[in-house]
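Engineer: Structure file protein.cif, mmCIF, C-alpha atoms; chains and numbers go by the auth columns, is pasted below:
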```
data_start
loop_
_atom_site.group_PDB
_atom_site.id
_atom_site.type_symbol
_atom_site.label_atom_id
_atom_site.label_comp_id
_atom_site.label_asym_id
_atom_site.label_seq_id
_atom_site.Cartn_x
_atom_site.Cartn_y
_atom_site.Cartn_z
_atom_site.B_iso_or_equiv
_atom_site.auth_seq_id
_atom_site.auth_asym_id
ATOM 1 C CA MET A 1 14.489 18.294 -37.399 0.00 15 A
ATOM 2 C CA LEU A 2 12.170 15.459 -38.426 0.00 16 A
ATOM 3 C CA CYS A 3 12.800 16.219 -42.113 0.00 17 A
ATOM 4 C CA ALA A 4 16.560 15.964 -41.560 0.00 18 A
ATOM 5 C CA ALA A 5 16.172 12.575 -39.869 0.00 19 A
ATOM 6 C CA VAL A 6 13.943 11.266 -42.652 0.00 20 A
ATOM 7 C CA GLU A 7 16.325 12.501 -45.351 0.00 21 A
ATOM 8 C CA THR A 8 19.438 10.973 -43.767 0.00 22 A
ATOM 9 C CA THR A 9 17.673 7.661 -43.122 0.00 23 A
ATOM 10 C CA GLY A 10 16.351 7.560 -46.671 0.00 24 A
ATOM 11 C CA SER A 11 19.761 8.389 -48.129 0.00 25 A
ATOM 12 C CA PHE A 12 21.434 5.726 -46.003 0.00 26 A
ATOM 13 C CA LEU A 13 18.918 3.104 -47.143 0.00 27 A
ATOM 14 C CA GLU A 14 19.544 4.088 -50.768 0.00 28 A
ATOM 15 C CA TRP A 15 23.289 3.531 -50.287 0.00 29 A
ATOM 16 C CA ILE A 16 22.623 0.142 -48.683 0.00 30 A
ATOM 17 C CA VAL A 17 20.502 -0.966 -51.653 0.00 31 A
ATOM 18 C CA LEU A 18 23.110 0.363 -54.091 0.00 32 A
ATOM 19 C CA TYR A 19 25.978 -1.564 -52.476 0.00 33 A
ATOM 20 C CA LEU A 20 23.934 -4.739 -52.097 0.00 34 A
ATOM 21 C CA SER A 21 22.960 -4.629 -55.774 0.00 35 A
ATOM 22 C CA HIS A 22 26.549 -4.035 -56.903 0.00 36 A
ATOM 23 C CA PHE A 23 28.152 -6.603 -54.603 0.00 37 A
ATOM 24 C CA PRO A 24 26.119 -9.833 -54.611 0.00 38 A
ATOM 25 C CA GLU A 25 28.880 -11.617 -52.674 0.00 39 A
ATOM 26 C CA ILE A 26 28.287 -9.243 -49.746 0.00 40 A
ATOM 27 C CA GLN A 27 24.539 -9.762 -50.100 0.00 41 A
ATOM 28 C CA GLU A 28 25.049 -13.550 -49.911 0.00 42 A
ATOM 29 C CA LYS A 29 27.192 -13.289 -46.751 0.00 43 A
ATOM 30 C CA LEU A 30 24.588 -11.050 -45.120 0.00 44 A
ATOM 31 C CA GLN A 31 21.758 -13.410 -46.070 0.00 45 A
ATOM 32 C CA ALA A 32 23.657 -16.395 -44.665 0.00 46 A
ATOM 33 C CA GLU A 33 24.309 -14.587 -41.378 0.00 47 A
ATOM 34 C CA VAL A 34 20.691 -13.430 -41.028 0.00 48 A
ATOM 35 C CA SER A 35 19.391 -16.923 -41.848 0.00 49 A
ATOM 36 C CA HIS A 36 21.748 -18.504 -39.317 0.00 50 A
ATOM 37 C CA VAL A 37 20.982 -16.083 -36.469 0.00 51 A
ATOM 38 C CA ILE A 38 17.294 -15.331 -37.061 0.00 52 A
ATOM 39 C CA GLY A 39 16.051 -18.150 -39.248 0.00 53 A
ATOM 40 C CA SER A 40 12.697 -17.949 -40.979 0.00 54 A
ATOM 41 C CA GLY A 41 10.285 -18.456 -38.095 0.00 55 A
ATOM 42 C CA ARG A 42 10.434 -15.023 -36.472 0.00 56 A
ATOM 43 C CA PHE A 43 11.112 -11.348 -36.979 0.00 57 A
ATOM 44 C CA PRO A 44 14.540 -9.872 -36.155 0.00 58 A
ATOM 45 C CA GLN A 45 14.998 -8.274 -32.745 0.00 59 A
ATOM 46 C CA ILE A 46 17.505 -5.726 -31.516 0.00 60 A
ATOM 47 C CA THR A 47 18.980 -8.447 -29.295 0.00 61 A
ATOM 48 C CA ASP A 48 20.060 -10.294 -32.465 0.00 62 A
ATOM 49 C CA ARG A 49 22.387 -7.498 -33.478 0.00 63 A
ATOM 50 C CA PRO A 50 25.463 -8.524 -31.420 0.00 64 A
ATOM 51 C CA ARG A 51 25.281 -11.990 -32.986 0.00 65 A
ATOM 52 C CA MET A 52 25.471 -10.563 -36.509 0.00 66 A
ATOM 53 C CA PRO A 53 28.968 -9.044 -36.745 0.00 67 A
ATOM 54 C CA TYR A 54 29.123 -9.060 -40.549 0.00 68 A
ATOM 55 C CA PHE A 55 25.800 -7.217 -40.758 0.00 69 A
ATOM 56 C CA GLN A 56 27.034 -4.574 -38.294 0.00 70 A
ATOM 57 C CA ALA A 57 30.349 -4.297 -40.152 0.00 71 A
ATOM 58 C CA PHE A 58 28.537 -3.809 -43.467 0.00 72 A
ATOM 59 C CA LEU A 59 26.431 -0.976 -42.020 0.00 73 A
ATOM 60 C CA GLN A 60 29.535 0.624 -40.495 0.00 74 A
ATOM 61 C CA ASP A 61 31.396 0.517 -43.811 0.00 75 A
ATOM 62 C CA VAL A 62 28.415 2.028 -45.647 0.00 76 A
ATOM 63 C CA PHE A 63 28.407 4.845 -43.052 0.00 77 A
ATOM 64 C CA ARG A 64 32.150 5.270 -43.661 0.00 78 A
ATOM 65 C CA ILE A 65 32.157 5.271 -47.458 0.00 79 A
ATOM 66 C CA ALA A 66 28.890 7.183 -47.973 0.00 80 A
ATOM 67 C CA PRO A 67 28.342 9.496 -45.009 0.00 81 A
ATOM 68 C CA THR A 68 24.937 11.143 -45.123 0.00 82 A
ATOM 69 C CA ILE A 69 26.536 14.182 -43.504 0.00 83 A
ATOM 70 C CA PRO A 70 29.998 14.808 -45.018 0.00 84 A
ATOM 71 C CA PHE A 71 30.896 17.674 -42.681 0.00 85 A
ATOM 72 C CA GLY A 72 30.473 18.361 -38.984 0.00 86 A
ATOM 73 C CA TYR A 73 30.155 21.898 -37.680 0.00 87 A
ATOM 74 C CA HIS A 74 31.375 22.347 -34.107 0.00 88 A
ATOM 75 C CA MET A 75 32.476 25.093 -31.746 0.00 89 A
ATOM 76 C CA ALA A 76 35.410 24.874 -29.341 0.00 90 A
ATOM 77 C CA VAL A 77 34.096 25.020 -25.770 0.00 91 A
ATOM 78 C CA GLU A 78 37.527 25.869 -24.371 0.00 92 A
ATOM 79 C CA ASP A 79 40.952 26.914 -25.628 0.00 93 A
ATOM 80 C CA THR A 80 42.550 23.848 -27.189 0.00 94 A
ATOM 81 C CA VAL A 81 45.878 23.079 -28.822 0.00 95 A
ATOM 82 C CA PHE A 82 45.513 20.759 -31.806 0.00 96 A
ATOM 83 C CA ILE A 83 48.611 19.605 -33.696 0.00 97 A
ATOM 84 C CA GLY A 84 50.516 22.595 -32.365 0.00 98 A
ATOM 85 C CA SER A 85 47.874 25.189 -33.257 0.00 99 A
ATOM 86 C CA LEU A 86 45.787 27.104 -30.744 0.00 100 A
ATOM 87 C CA ILE A 87 42.037 26.909 -31.256 0.00 101 A
ATOM 88 C CA LYS A 88 40.431 29.578 -29.089 0.00 102 A
ATOM 89 C CA LYS A 89 37.201 29.040 -27.181 0.00 103 A
ATOM 90 C CA GLY A 90 34.224 29.941 -29.381 0.00 104 A
ATOM 91 C CA THR A 91 36.050 29.198 -32.639 0.00 105 A
ATOM 92 C CA CYS A 92 33.956 27.365 -35.229 0.00 106 A
ATOM 93 C CA VAL A 93 35.539 24.133 -36.416 0.00 107 A
ATOM 94 C CA LEU A 94 34.482 22.308 -39.564 0.00 108 A
ATOM 95 C CA SER A 95 35.235 18.559 -39.564 0.00 109 A
ATOM 96 C CA ASN A 96 35.581 16.878 -42.954 0.00 110 A
ATOM 97 C CA PHE A 97 34.180 13.392 -42.245 0.00 111 A
ATOM 98 C CA TYR A 98 34.360 12.350 -45.885 0.00 112 A
ATOM 99 C CA GLY A 99 38.047 13.322 -46.094 0.00 113 A
ATOM 100 C CA VAL A 100 38.891 11.300 -43.001 0.00 114 A
ATOM 101 C CA HIS A 101 36.847 8.322 -44.177 0.00 115 A
ATOM 102 C CA MET A 102 38.593 8.279 -47.566 0.00 116 A
ATOM 103 C CA ASP A 103 42.155 8.832 -46.312 0.00 117 A
ATOM 104 C CA PRO A 104 44.415 5.983 -47.530 0.00 118 A
ATOM 105 C CA LYS A 105 46.704 6.613 -44.544 0.00 119 A
ATOM 106 C CA LEU A 106 43.849 5.519 -42.280 0.00 120 A
ATOM 107 C CA TRP A 107 42.007 2.991 -44.451 0.00 121 A
ATOM 108 C CA GLU A 108 43.309 0.312 -46.787 0.00 122 A
ATOM 109 C CA GLN A 109 41.532 0.757 -50.128 0.00 123 A
ATOM 110 C CA PRO A 110 39.204 3.453 -48.755 0.00 124 A
ATOM 111 C CA GLU A 111 37.210 3.698 -52.000 0.00 125 A
ATOM 112 C CA LYS A 112 36.072 0.065 -51.716 0.00 126 A
ATOM 113 C CA ILE A 113 33.323 -1.308 -49.525 0.00 127 A
ATOM 114 C CA ARG A 114 34.917 -3.978 -47.342 0.00 128 A
ATOM 115 C CA PRO A 115 32.920 -4.905 -44.242 0.00 129 A
ATOM 116 C CA GLU A 116 35.807 -7.145 -43.169 0.00 130 A
ATOM 117 C CA ARG A 117 37.739 -4.054 -42.093 0.00 131 A
ATOM 118 C CA PHE A 118 35.399 -3.908 -39.075 0.00 132 A
ATOM 119 C CA ILE A 119 35.758 -7.584 -38.112 0.00 133 A
ATOM 120 C CA ASP A 120 38.472 -8.467 -35.587 0.00 134 A
ATOM 121 C CA THR A 121 40.605 -11.627 -35.497 0.00 135 A
ATOM 122 C CA ASN A 122 37.934 -13.339 -33.367 0.00 136 A
ATOM 123 C CA GLY A 123 35.271 -12.696 -36.006 0.00 137 A
ATOM 124 C CA GLN A 124 33.572 -9.990 -33.933 0.00 138 A
ATOM 125 C CA PHE A 125 32.433 -6.531 -34.998 0.00 139 A
ATOM 126 C CA THR A 126 34.749 -3.733 -33.953 0.00 140 A
ATOM 127 C CA LYS A 127 34.679 0.010 -34.668 0.00 141 A
#
```
Can you dump the structure from the file as C-alpha cells?
Structural biologist:
Amino acid sequence: MLCAAVETTGSFLEWIVLYLSHFPEIQEKLQAEVSHVIGSGRFPQITDRPRMPYFQAFLQDVFRIAPTIPFGYHMAVEDTVFIGSLIKKGTCVLSNFYGVHMDPKLWEQPEKIRPERFIDTNGQFTK
C-alpha cells in the first residue's frame, strides 16, 4: 500500500512539473498568488490553502487531465438501475476516469490544462 501511495504521489508531482515547465503563464500566476498569500517570511501552512484558489484549481485540473489512476474498480453493494440497465448486487463495475475527464460533452477543451475551469464567478475555487 505504501508503494502505491509513493508511486501516485511521485507521478502527480512529475505531471505538475511538466505542466509548469510547458506553461510559464500558469507558473507566473501561481507564483503571484503564493507571494501574495504567503509572502517570503514564512513557510506555507494548510490554512493558506483556501486563500489560494488558483493554486487549488491548478492542482484539480492536473488531477483531471493526468489522473494517476485512470480506472476505478468497484462492486455494486445493492441492485441498482443505471441509465435503464440493471446492475445486480456483487457485480464488478469498472469506471473509466480518464474517459470522463476527457469528454468534450463535460469539459470545454478537455485536452488543455485550464485551471480557470475550477474558478467560479467570485474568483473562488470550485470542484
Engineer: For Arg128 of chain A, which of A:Ile83, A:Ile97, A:Met89, A:Ile40 is the closest residue, counting all atoms listed in the file?
Structural biologist: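 With all atoms listed in the file as the atom set, the closest residue is A:Ile40.
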Engineer: Choose the residue, out of A:Ala71, A:Leu120, A:Ala80, A:Ala90, that has the smallest atom-to-atom separation from Val107 of chain A; count only C-alpha atoms.
Structural biologist: A:Ala90
Engineer: Using only C-alpha atoms - which residues lie no farther than 8 Å from the point (23.7, -15.3, -35.9) in the file's frame? Write them as a list in words.
Structural biologist: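 Result, sorted by chain then residue number: Glu47, Val48, Ser49, His50, Val51, Ile52, Asp62, Arg65 and Met66 of chain A.
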Engineer: What box, with edges along x, y and z, holds each listed atom of segment 66-79 of chain A when 6 Å is added on every side, and can you state its centre and edge lengths in Å to one decimal, as AutoDock Vina command-line options?
Structural biologist:
```
--center_x 28.8 --center_y -2.6 --center_z -42.0 --size_x 18.7 --size_y 27.8 --size_z 22.9
```
Engineer: Expressed in Å to a single decimal, how great is the separation between atom CA of Ile101 of chain A and atom CA of Val114 of chain A?
Structural biologist: 19.8 Å
Engineer: Run through the PyMOL selection byres ((chain A and resi 22-34) around 8) on the given coordinates and return the selected residues as a ChimeraX atom specification.
Structural biologist: /A:18-21,35-38,40-41,73,76-77,80-83,127
Engineer: List, as number ranges by chain, every residue that the PyMOL selection byres ((chain A and resi 111-113) around 9) selects in the file provided.
Structural biologist: A: 78-81, 83-86, 109-110, 114-117
Engineer: If I take atom CA of Val95 of chain A and atom CA of Leu108 of chain A, how far is one from the other in Å, to one decimal?
Structural biologist: 15.7 Å
Engineer: Applying the PyMOL selection byres ((chain A and resi 93) around 9) to the file I just gave you, which residues come out? Please list them as a PyMOL selection string.
Structural biologist: chain A and resi 90-92+94-95+100-105
